[in-house]
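Okay, so here's the structure we're looking at.
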Amino acid sequence: MPSSGPFELPNHVQSIVRPLSKRLVVNRRGSTVWDVQTAAGRFAVKLGYRSQTHAWTALAPAREAAVLRQLIGPDGIHCGEWEEGTWSAQPWHEGQSLFTLWEPHRQAGGQAAPNLAEALSCALALADLHDAGWVHGDVQPNHFVIGPTRTTLIDLALAQGGAVPKSFDFSYRGCLVHYEAPEISQSVLETGTAVPTVEADVYALGASFFISATGWRHVSYPDDASREDQRQAIVVQPHRRITVPGSLGKLIEQMMRRNPADRPTSEEVCAELRRAFPG
Ligand SMILES: Nc1ncnc2c1ncn2[C@@H]1O[C@H](COP(=O)(O)OP(=O)(O)OP(=O)(O)O)[C@@H](O)[C@H]1O
Ligand SMILES: [Mg+2]
């Protein structure tokens, strides 16, 4: 039975990161994340370990570090191994997640029109990644950190677009199902793996806008349904009607079309949001 954390920062990690103080952010699904203050700035430090259901979560921090080094350069990115798997440190981004920021819309029953400037900042972060030749593969509302000056798309552990050392690479087995495009769910059900795509990222961004604005998942399935049954529902069941008012609702419908070729690109999503929110 794998251990379940949360795990303390091992001594050899502390001697590299040199924390002055730290706060536990989250421990779940094979990952303990710390918010660490150091003399060199604030860092997100992740310890990956085998989860109850997956072995790849132990490799995820080192894989993400390899992706980040290619995307933003080596500064402030550290990684290595520890007893239970791999670990990484990356610069901390100030801000709140899309899901947290749109809580008032959910409280208001999803009737109020969400903040289009925030939606646009998320779409721009995704479009920048696509423009750089990468696919994210795990777009979800908690992975957009919306700060005072910029929005960052975090958690690049599953991203594809460049070379990753074989020793900590692993095959893509889909993302959090609440945001998974039907073609990805179908492929995971049929073969156990899938190929992440820009089209599936756009679908996941649409599902992220939808759940953040309304609290609803894109497809109805019971909380306790198995992962397989959830994916089955995504493939065969009609998807929920998009009830978000105004131009954002129409855009979400397009982003979540079943046929990937019918979805707008992330660039087109940005252009549409700019039209709706010229400010
Ligand atoms: N660079 C960062 N800047 C700010 N917050 C971060 C950063 N990295 C991670 N976090 C915070 O930690 C949380 C978990 O991080 P992340 O999603 O990258 O890890 P994970 O191992 O995939 O965990 P989970 O399974 O919970 O998604 C994020 O939702 C965010 O709140
Ligand atoms: Mg994550």
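All residue names refer to the structure tokens as shown: chains lettered A, B, ... in order, residues numbered from 1 in each chain, ligands numbered from 1 in order.
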
Point to revise | Environment of ligand 1 within 9 Å, counting only C-alpha atoms and all ligand atoms, reported as a ChimeraX atom specification | key: /A:25-35,42-48,57,60-61,64,89-97,138,140-145,152-157,176

Check your understanding: If you run DSSP on this backbone, which residues of stretch 4-253 of chain A come out as strand (DSSP E or B), and could you give them as a PyMOL selection string?
Key -> chain A and resi 19-28+31-38+41-48+78-82+85-91+96-97+135+144-146+151-153+160

Point to revise | A:Ala125 environment, 12 Å, only C-alpha atoms, sequence neighbours closer than 4 positions dropped, as a list of chain:residue names | key: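 Surrounding residues, per the criterion: A:Glu118, A:Ala119, A:Leu120, A:Ser121, A:Leu129, A:His130, A:Asp131, A:Ala132, A:Trp134, A:Val135, A:His136, A:Val139, A:His143, A:Phe144, A:Val145, A:Ile146, A:Arg150, A:Thr151, A:Thr152, A:Leu153, A:Ile154, A:Asp201, A:Val202, A:Leu205, A:Ser266, A:Glu267, A:Val269, A:Cys270.
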
Practice item. Please identify all polymer residues within 10 Å of A:Trp56, counting only C-alpha atoms, omitting same-chain residues fewer than 4 positions from it, and present them as JSON, numbers by chain. Key: {"A": [30, 48, 49, 50, 51, 60, 61, 63, 85, 168, 169, 170, 171, 172, 173]}

How about saving the chosen residues, all heavy atoms kept, as a compact mmCIF listing (two decimals), in the first residue's frame?
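See part04.txt below for the written result:
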```txt
# COMPACT_ATOMS: atom_id res chain seq x y z
N GLY A 30 -1.31 11.72 -4.98
CA GLY A 30 0.11 11.47 -5.23
C GLY A 30 0.99 12.69 -5.27
O GLY A 30 2.07 12.66 -5.87
N GLY A 48 6.31 14.42 -5.37
CA GLY A 48 5.45 13.43 -6.02
C GLY A 48 5.69 12.05 -5.43
O GLY A 48 6.81 11.72 -5.04
N TYR A 49 4.61 11.28 -5.33
CA TYR A 49 4.73 9.91 -4.82
C TYR A 49 3.66 9.04 -5.49
O TYR A 49 2.71 9.57 -6.08
CB TYR A 49 4.60 9.88 -3.28
CG TYR A 49 3.33 10.51 -2.74
CD1 TYR A 49 2.19 9.75 -2.49
CD2 TYR A 49 3.25 11.89 -2.51
CE1 TYR A 49 1.03 10.33 -2.00
CE2 TYR A 49 2.10 12.47 -2.02
CZ TYR A 49 0.98 11.69 -1.77
OH TYR A 49 -0.17 12.26 -1.32
N ARG A 50 3.83 7.76 -5.42
CA ARG A 50 2.83 6.84 -6.01
C ARG A 50 1.51 7.03 -5.29
O ARG A 50 1.48 7.02 -4.06
CB ARG A 50 3.26 5.39 -5.82
CG ARG A 50 4.47 4.98 -6.62
CD ARG A 50 4.87 3.59 -6.19
NE ARG A 50 3.90 2.62 -6.65
CZ ARG A 50 4.03 1.90 -7.76
NH1 ARG A 50 5.12 2.03 -8.48
NH2 ARG A 50 3.11 1.06 -8.13
N SER A 51 0.41 7.21 -6.03
CA SER A 51 -0.89 7.33 -5.37
C SER A 51 -1.53 5.95 -5.29
O SER A 51 -0.96 4.96 -5.77
CB SER A 51 -1.78 8.30 -6.15
OG SER A 51 -2.14 7.70 -7.37
N ALA A 60 5.80 12.99 -11.79
CA ALA A 60 5.22 14.23 -12.33
C ALA A 60 6.05 15.48 -12.01
O ALA A 60 6.27 16.31 -12.90
CB ALA A 60 3.77 14.39 -11.85
N PRO A 61 6.55 15.69 -10.77
CA PRO A 61 7.30 16.93 -10.51
C PRO A 61 8.53 17.08 -11.41
O PRO A 61 8.77 18.17 -11.96
CB PRO A 61 7.69 16.82 -9.03
CG PRO A 61 6.63 15.95 -8.43
CD PRO A 61 6.32 14.94 -9.51
N ARG A 63 9.04 15.70 -14.31
CA ARG A 63 8.61 15.89 -15.70
C ARG A 63 8.21 17.34 -15.91
O ARG A 63 8.56 17.98 -16.90
CB ARG A 63 7.44 14.95 -16.04
CG ARG A 63 7.11 14.97 -17.52
CD ARG A 63 5.97 14.04 -17.91
NE ARG A 63 5.89 13.95 -19.35
CZ ARG A 63 5.42 14.91 -20.14
NH1 ARG A 63 4.96 16.04 -19.61
NH2 ARG A 63 5.42 14.76 -21.44
N GLY A 85 9.80 9.33 -4.75
CA GLY A 85 9.59 9.69 -6.16
C GLY A 85 10.47 10.84 -6.58
O GLY A 85 11.66 10.85 -6.30
N PHE A 168 11.93 9.99 -16.52
CA PHE A 168 10.72 10.41 -15.81
C PHE A 168 9.60 10.85 -16.75
O PHE A 168 8.73 11.63 -16.40
CB PHE A 168 11.00 11.46 -14.72
CG PHE A 168 11.98 12.52 -15.11
CD1 PHE A 168 11.62 13.55 -15.93
CD2 PHE A 168 13.27 12.45 -14.60
CE1 PHE A 168 12.52 14.53 -16.25
CE2 PHE A 168 14.19 13.43 -14.93
CZ PHE A 168 13.82 14.47 -15.76
N ASP A 169 9.58 10.27 -17.95
CA ASP A 169 8.44 10.49 -18.83
C ASP A 169 7.42 9.37 -18.59
O ASP A 169 7.77 8.31 -18.07
CB ASP A 169 8.89 10.49 -20.30
CG ASP A 169 7.90 11.24 -21.19
OD1 ASP A 169 6.95 11.84 -20.66
OD2 ASP A 169 8.09 11.22 -22.42
N PHE A 170 6.18 9.63 -18.93
CA PHE A 170 5.14 8.60 -18.80
C PHE A 170 4.06 8.91 -19.82
O PHE A 170 3.94 10.04 -20.29
CB PHE A 170 4.57 8.56 -17.37
CG PHE A 170 4.24 9.91 -16.81
CD1 PHE A 170 3.00 10.50 -17.06
CD2 PHE A 170 5.16 10.61 -16.03
CE1 PHE A 170 2.70 11.76 -16.53
CE2 PHE A 170 4.86 11.87 -15.52
CZ PHE A 170 3.63 12.44 -15.77
N SER A 171 3.25 7.91 -20.15
CA SER A 171 2.27 8.14 -21.20
C SER A 171 1.05 8.87 -20.64
O SER A 171 0.75 8.81 -19.45
CB SER A 171 1.86 6.83 -21.87
OG SER A 171 1.39 5.95 -20.90
N TYR A 172 0.37 9.58 -21.53
CA TYR A 172 -0.78 10.40 -21.16
C TYR A 172 -2.03 9.53 -21.01
O TYR A 172 -2.39 8.81 -21.93
CB TYR A 172 -0.98 11.47 -22.24
CG TYR A 172 -2.11 12.43 -21.96
CD1 TYR A 172 -1.97 13.42 -21.00
CD2 TYR A 172 -3.30 12.36 -22.66
CE1 TYR A 172 -2.99 14.32 -20.75
CE2 TYR A 172 -4.33 13.26 -22.43
CZ TYR A 172 -4.17 14.23 -21.47
OH TYR A 172 -5.18 15.12 -21.22
N ARG A 173 -2.65 9.62 -19.85
CA ARG A 173 -3.83 8.77 -19.60
C ARG A 173 -5.07 9.60 -19.33
O ARG A 173 -5.93 9.21 -18.54
CB ARG A 173 -3.56 7.85 -18.42
CG ARG A 173 -2.45 6.84 -18.69
CD ARG A 173 -2.30 5.89 -17.52
NE ARG A 173 -1.24 4.94 -17.78
CZ ARG A 173 0.05 5.19 -17.56
NH1 ARG A 173 0.42 6.36 -17.06
NH2 ARG A 173 0.96 4.28 -17.81
```

So that I can see what lies close to A:Pro10, please list as a CSV table (one decimal) with C-alpha atoms, in the first residue's frame the residues with an atom at most 9 Å from it, counting only C-alpha atoms and leaving out residues fewer than 3 positions away in the same chain.
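Listing of around_14.csv after writing:
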```csv
chain,number,residue,atom,x,y,z
A,7,PHE,CA,5.2,14.6,3.3
A,13,VAL,CA,15.5,19.3,-0.6
A,14,GLN,CA,15.7,21.8,2.2
A,15,SER,CA,19.4,22.3,1.7
A,82,TRP,CA,13.6,11.7,-3.0
A,83,GLU,CA,12.6,8.5,-1.2
```

Point to revise | Residue nearest ligand 2 among A:Ala159, A:Ile77, A:Ala66, A:Pro182 (counting only C-alpha atoms and all ligand atoms) | key: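 Under the stated criterion, the closest residue is A:Ala159.
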
Point to revise | Contact residues around A:Gly215 with only C-alpha atoms at 10 Å, ignoring same-chain residues under 5 positions, as a list in words | key: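 These residues fall inside the cut-off: Phe99, Trp102, Glu103, His105, Arg106, Gln107, Gly109, Gly110, Ser208, Phe209 and Phe210 of chain A.
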
Would you mind exporting the chosen residues as a CSV table (one decimal), in the first residue's frame, restricted to N, CA, C and O atoms?
```
chain,number,residue,atom,x,y,z
A,99,PHE,N,-11.6,29.3,-10.3
A,99,PHE,CA,-12.7,28.7,-9.6
A,99,PHE,C,-13.0,29.6,-8.4
A,99,PHE,O,-14.2,29.8,-8.1
A,102,TRP,N,-14.5,33.1,-9.3
A,102,TRP,CA,-15.9,33.2,-9.8
A,102,TRP,C,-16.9,32.6,-8.9
A,102,TRP,O,-18.1,32.4,-9.2
A,103,GLU,N,-16.5,32.4,-7.6
A,103,GLU,CA,-17.4,31.9,-6.6
A,103,GLU,C,-18.7,32.8,-6.5
A,103,GLU,O,-19.8,32.2,-6.4
A,105,HIS,N,-20.3,34.2,-8.7
A,105,HIS,CA,-21.3,33.9,-9.8
A,105,HIS,C,-22.0,32.6,-9.5
A,105,HIS,O,-23.2,32.5,-9.7
A,106,ARG,N,-21.3,31.7,-8.9
A,106,ARG,CA,-21.9,30.4,-8.5
A,106,ARG,C,-22.9,30.7,-7.4
A,106,ARG,O,-24.0,30.2,-7.4
A,107,GLN,N,-22.6,31.5,-6.5
A,107,GLN,CA,-23.5,31.9,-5.4
A,107,GLN,C,-24.7,32.5,-5.9
A,107,GLN,O,-25.8,32.3,-5.3
A,109,GLY,N,-26.3,31.8,-8.4
A,109,GLY,CA,-27.0,30.8,-9.2
A,109,GLY,C,-26.6,30.8,-10.6
A,109,GLY,O,-27.4,30.3,-11.5
A,110,GLY,N,-25.4,31.3,-10.9
A,110,GLY,CA,-24.9,31.3,-12.3
A,110,GLY,C,-25.6,32.2,-13.2
A,110,GLY,O,-25.5,32.1,-14.4
A,208,SER,N,-14.0,24.5,-18.0
A,208,SER,CA,-13.5,25.3,-16.8
A,208,SER,C,-14.3,26.5,-16.6
A,208,SER,O,-14.7,26.9,-15.5
A,209,PHE,N,-14.6,27.3,-17.7
A,209,PHE,CA,-15.5,28.5,-17.6
A,209,PHE,C,-16.8,28.1,-17.1
A,209,PHE,O,-17.4,28.7,-16.2
A,210,PHE,N,-17.4,27.0,-17.6
A,210,PHE,CA,-18.7,26.6,-17.3
A,210,PHE,C,-18.9,26.2,-15.8
A,210,PHE,O,-19.7,26.7,-15.1
```

Neighbour list for A:Glu180 as an mmCIF file with C-alpha atoms, in the first residue's frame, cut-off 10 Å, only C-alpha atoms, skip fewer than 2 positions in-chain:
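Output below, filename selection.cif:
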```
data_model
loop_
_atom_site.group_PDB
_atom_site.id
_atom_site.type_symbol
_atom_site.label_atom_id
_atom_site.label_comp_id
_atom_site.auth_asym_id
_atom_site.auth_seq_id
_atom_site.Cartn_x
_atom_site.Cartn_y
_atom_site.Cartn_z
ATOM 1 C CA GLY A 137 -3.259 18.250 -21.319
ATOM 2 C CA ASP A 138 -4.665 19.092 -17.858
ATOM 3 C CA VAL A 139 -6.539 22.379 -18.194
ATOM 4 C CA GLN A 140 -8.779 22.956 -15.159
ATOM 5 C CA GLY A 174 -6.304 11.647 -19.767
ATOM 6 C CA CYS A 175 -6.946 14.471 -17.322
ATOM 7 C CA LEU A 176 -9.381 15.225 -14.542
ATOM 8 C CA VAL A 177 -12.574 13.869 -16.101
ATOM 9 C CA HIS A 178 -14.670 16.922 -15.214
ATOM 10 C CA PRO A 182 -15.190 13.218 -25.250
ATOM 11 C CA GLU A 183 -12.555 12.054 -27.756
ATOM 12 C CA ILE A 184 -9.964 11.838 -24.945
ATOM 13 C CA SER A 185 -12.374 9.889 -22.705
ATOM 14 C CA GLN A 186 -13.151 7.524 -25.565
ATOM 15 C CA ALA A 200 -9.047 19.077 -26.135
ATOM 16 C CA ASP A 201 -7.375 21.955 -24.232
ATOM 17 C CA TYR A 203 -12.765 21.963 -24.638
ATOM 18 C CA ALA A 204 -11.305 21.827 -21.119
ATOM 19 C CA LEU A 205 -11.099 25.630 -20.985
ATOM 20 C CA ALA A 207 -15.660 23.230 -19.254
ATOM 21 C CA HIS A 218 -20.132 19.336 -18.312
ATOM 22 C CA ARG A 231 -15.752 8.591 -18.955
ATOM 23 C CA ILE A 234 -18.857 11.802 -21.184
ATOM 24 C CA VAL A 235 -18.750 9.725 -24.375
#
```

Point to revise | Length of the atom CA of A:Trp216 to atom CA of A:Arg240 vector [Å] | key: 8.3 Å

**Study point:** Selected residue of minimal separation from ligand 2 among A:Met255, A:Ala276, A:Leu158, A:Ala62, counting only C-alpha atoms and all ligand atoms
**Key:**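 Smallest separation from ligand 2 among the options: A:Leu158.
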
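Distance check against A:Gly192 using only C-alpha atoms: of A:Thr214, A:Ala271, A:Pro260, A:Glu228, the minimum falls on A:Glu228.
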
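What separates atom CA of A:Asp224 from atom CA of A:Pro104 is a distance of 26.8 Å.
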
Point to revise | Point-to-point distance in Å for atom CA of A:Leu101 and atom CA of A:Pro6 | key: 26.5 Å

Check your understanding: DSSP says helix (DSSP H, G or I) for which residues of stretch 39-245 of chain A? Put them as a count of residues only?
Key -> 87
